[in-house]
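Enquirer: Right, I'll just put the structure down here and ask away after.
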Amino acid sequence: MKKAVSIERKKRRDEFSSKFAAFIPLLGWLLFGILPLAMSAVVAFTELHSTDLRDMEFVGVLNFITILTNADEGRTYASYLSTLVFSLNVPVTIGISLYIANLINQTKIGNKFFRTIFFIPFVCSTVVVSMTFRMLFATDGGLINQLLSNLGFEPVAWLTDTPVSFMTVAIILSVWSGIGWCILLFQAALASVDASYYESAKLDGATSFQMFWKITWPAISPTTSYLVTMRLIGALQSMSEMYVLVGGSSVSTAPTWGDSAAYVSDTVVKHIYNMIFENSYKYGYGLAAAAGWILAIIVLIITWANLKLQERWVNYDF
Amino acid sequence: MTSDKKVLSFPLRCFKGVYEFLRPVLNIVVVVCAFLCCLRPKAGSNARLNSALILGVCAALLLAMKIFHKWQMRKDVYRVYRAPAARGLEPRQMVPLCFTTLIFMIPFYMVFITAFKNSVEANQIDFTWWPKQGISVDSFREVFTIGDIVELNMLRALLNSFVYTMIPLCMGLTVACLAAYAFAKLRFRNKNRMYRMLIATMMMPGCVTMATGYMMYDWYHWTNSPLPLIIPGCFSGAGTVMFLREYFMGIPDSMLEAARIDGAGKWKCFWTIMIPMARPAIVTQFVMGFIGGFNDFMGPLIYINDPEGYTIQTALNFMSSLTFDKSVTAAACVITLVPMLILYLIFQKYIINGISLSSGLKG
């Protein structure tokens with residue numbers, strides 16, 4: 001009897017140590033994740049301009065109304081417009097990387113080398129990349145403007161002139177830094193397509209265009225949809241590149257959308273950042289929390305829509 | 001070669017080769033020219049007209065070749081004809097590939113070359129492709145002295161970056177290994193429920209807690225110190241645990257059973273079997289974690305306001321607002337870049353494996 005108890009106890013202690021090992025990551029989340037989340041749900045309904053909760057003033061759903069009706073000097077809609085335009089980098093990246101991945105897969109020599117080269121920006125920080133592009137597109141002494149003036153064009157003040165010129169730089173930056181990751185995954189997907197499909201298609205006299213749309217595209221559709229989803233979510237939450245592109249301080253040098261007060265560089269997350277750290281006396285933590293929730297819901301909807309759309313066009317039969 | 005190969009006439013063969021080679025080049029030229037047409041030409045220059053002309057000619061050529069190709073396609077001979085078997089180096093793929101690679105490398109080239117220019121040449125209005133006034137390393141020296149007035153020290157920033165990254169990485173990886181082992185191989189009550197909870201923590205987007213996270217750390221009096229960057233990382237994250245768990249699941253149970261029979265406890269099994277066998281996965285996570293931590297910009301930007309505590313990323317950002325000297329900025333970029341490049345070249349295999357695995361796609 002006594003022995004049985006001690007075995008039981010030993011077993012329980014044994015189980016406790018396993019459970020504890022599994023529990024530590026959850027503990028981290030309980031300590032540092034759940035409190036901000038719960039607070040965010042409360043603070044979103046209040047007006048708060050400092051980190052002191054005693055200044056909290058309950059205002060109901062006013063924050064959400066402010067954001068949804070664009071009542072903060074039109075900055076919210078402008079920030080969503082910026083993000084939307086910036087998201088144009090997704091199809092461009094996908095297209096270019098698919099083309100390059102296809103080329104790389106068709107060569108026997110040097111495909112490792114090319115992959116290595118295209119993948120380098122992945123390990124570069126956003127600060128370095130943005131700073132590089134700031135130098136590349138500088139008005140005076142920038143490489144691009146030098147090329148343009150050699151060709152007989154006026155130099156362009158890329159980062160300060162118009163929304164179009166600024167967004168061009170931002171999109172090129174994003175494409176340049178994101179291409180390696182897409183190439184890597186596309187390459188793996190392309191290599192896994194069975195060559196016999198192509199052979200039989202060739203025997204039936206298919207053109208290369210037909211082969212692409214009828215074989216390659218459906219076969220790599222899981223990868224494509226994964227990349228589109230991930231890149232889209234990334235683009236929605238982008239901020240560091242914008243922060244550094246406009247000079248890396250609170251003073252923005254970016255052009256504004258039309259006559260409004262909203263900077264082109266203020267994507268949604270950058271706008272939230274500004275609410276907290278640059279303009280907290282004006283907007284405050286409550287509004288920022290509400291804006292965060294709305295963005296989270298939009299991200300959730302996009303992810304969900306993507307999953308639904310995937311059922312339509314993604315093909316897992318290959 | 002197969003017997004169905006028929007030989008095309010020589011001019012047609014030439015045309016096919018030229019078409020396949022020119023198509024990507026012409027496409028790029030058309031896009032670039034269309035882009036150039038939107039820009040404002042200098043006074044008295046007909047650059048816009050020229051680029052429009054080139055655009056038209058290229059587009060017409062492309063169209064004509066496409067139509068001719070399509071027209072030839074209806075002939076059986078043309079369709080069945082196959083190029084000789086790949087000999088490894090095919091100009092059809094190699095030329096556009098090298099071309100794009102060269103364009104792709106321009107930003108890197110520019111940073112490195114600007115860093116080695118002297119400050120006069122780097123800041124003149126004309127960009128030079130090669131330091132004509134001689135290679136100088138003054139700007140690298142300048143990087144470490146420029147922040148002295150505002151107590152910004154790039155060397156310390158570099159050290160800070162390493163410390164802030166390594167402490168949570170080492171701690172977190174240990175924790176993650178233990179947790180992954182428990183989830184993969186050990187038995188305890190509520191295992192699946194706990195695992196599902198852990199996965200659920202990944203669903204929370206960062207934008208929601210941006211404001212309140214800062215508030216929380218401010219209550220703890222942790223702002224303006226590296227603690228918000230270090231402490232949460234020590235508990236590891238769901239992504240790492242998931243990745244390692246997948247790998248641990250792949251290690252056969254029979255290995256553990258054999259060790260158990262020989263009298264090893266579960267933690268002895270962990271240290272002597274699981275850790276050595278999962279080394280590739282752990283190295284992958286280590287490298288990925290290091291890259292992520294070292295390149296993190298938002299965290300230090302939000303929580304550390306004192307130049308003394310800056311990481312290399314925020315220091316780089318701050319430094320660029322102190323100076324207008326392009327060569328100094330470029331040199332600082334190079335200094336930030338080089339450790340990562342070395343790490344990348346050494347651990348490339350692990351990084352690529354990690355990405356392919358964490359995407360969860362086949363291939």
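In the structure tokens, the first chain shown is A, the next is B, and so on; residue numbers restart at 1 for each chain, and ligands run from 1 in the order shown.
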Compute the set of chain A residues within 6 Å of chain B, using only C-alpha atoms, and express it as a list in words.
Expert: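 Listed by rising number, the hits are Glu15, Ser18, Ala21, Ala22, Pro25, Gly28, Pro36, Leu37, Ser40, Thr51, Leu103, Lys108, Ile109, Ser125, Val128, Asp140, Gly141, Leu143, Gly152, Phe153, Glu154, Ala188, Ala189, Ser192, Gly248, Tyr285, Gly292 and Trp293 of chain A.
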Enquirer: As a count of residues only, list the residues of region 151-185 of chain A assigned to alpha helix (DSSP H) by DSSP on the backbone atoms of this structure.
Expert: 24
Enquirer: Separation of CA of Val59 (chain A) and CA of Thr46 (chain A), in Å?
Expert: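 CA of Thr46 (chain A) lies 5.0 Å from CA of Val59 (chain A).
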Enquirer: Between CA of Ala235 (chain A) and CA of Asn145 (chain A), what is the distance, to one decimal in Å?
Expert: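 Spanning CA of Ala235 (chain A) to CA of Asn145 (chain A) is a straight-line distance of 27.0 Å.
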Enquirer: What does the distance from CA of Ile272 (chain A) to CA of Ala291 (chain A) come to in Å, to one decimal?
Expert: 6.8 Å
Enquirer: Neighbours of Val29 (chain B) within 10 Å (only C-alpha atoms; same-chain residues fewer than 6 positions away dropped), as a PyMOL selection string?
Expert: chain B and resi 23+35+51+54-55+58-59
Enquirer: Using only C-alpha atoms, which residues sit within 10 Å of Met230 (chain A) once same-chain residues fewer than 6 positions away are excluded, as a tab-separated table (two decimals) with N, CA and C atoms, in the first residue's frame?
Expert:
chain	number	residue	atom	x	y	z
A	90	VAL	N	2.74	43.60	-53.81
A	90	VAL	CA	2.52	42.16	-53.71
A	90	VAL	C	2.46	41.50	-55.10
A	224	THR	N	1.65	30.05	-54.29
A	224	THR	CA	1.26	31.42	-54.65
A	224	THR	C	0.31	32.00	-53.62
A	236	LEU	N	0.32	45.21	-44.97
A	236	LEU	CA	-0.65	45.91	-44.13
A	236	LEU	C	-0.02	46.41	-42.84
A	303	THR	N	-7.37	37.56	-44.21
A	303	THR	CA	-6.89	36.19	-44.09
A	303	THR	C	-8.02	35.20	-44.36
B	359	SER	N	7.30	27.37	-43.85
B	359	SER	CA	6.18	27.71	-44.72
B	359	SER	C	5.20	26.54	-44.81
Enquirer: Which of these residues is nearest to Val163 (chain B), using only C-alpha atoms: B:Tyr220, B:Ala281, B:Leu12, B:Phe290?
Expert: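 Distance minimum relative to Val163 (chain B) lands on B:Phe290.
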Enquirer: Which residue gives the smallest distance to Phe347 (chain B) among A:Ser50, A:Thr116, A:Thr93, A:Ser240, with only C-alpha atoms counted?
Expert: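 Among A:Ser50, A:Thr116, A:Thr93, A:Ser240, it is A:Thr116 that comes nearest to Phe347 (chain B).
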Enquirer: If you count only C-alpha atoms, which residues fall within 10 Å of Thr256 (chain A), apart from same-chain ones fewer than 5 positions away, as a PyMOL selection string?
Expert: chain A and resi 78+160-163+261-266
Enquirer: Using only C-alpha atoms, which residues sit within 7 Å of Ser79 (chain A) once same-chain residues fewer than 5 positions away are excluded, as a ChimeraX atom specification?
Expert: /A:266-268,271
Enquirer: Please save C-alpha atoms of the selected residues as a CSV table (one decimal), in the first residue's frame.
Expert:
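Okay, out34.csv is ready:
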chain,number,residue,atom,x,y,z
A,266,ASP,CA,1.8,57.3,-42.9
A,267,THR,CA,0.6,53.7,-43.4
A,268,VAL,CA,-1.9,52.4,-40.9
A,271,HIS,CA,-0.4,56.3,-38.1
Enquirer: For Leu184 (chain A), please output as an MDAnalysis selection string all residues within 8 Å (counting only C-alpha atoms; exclusion window: fewer than 2 positions along the same chain).
Expert: (chainID A and resid 101 115 119 180:182 186:188) or (chainID B and resid 352 356)
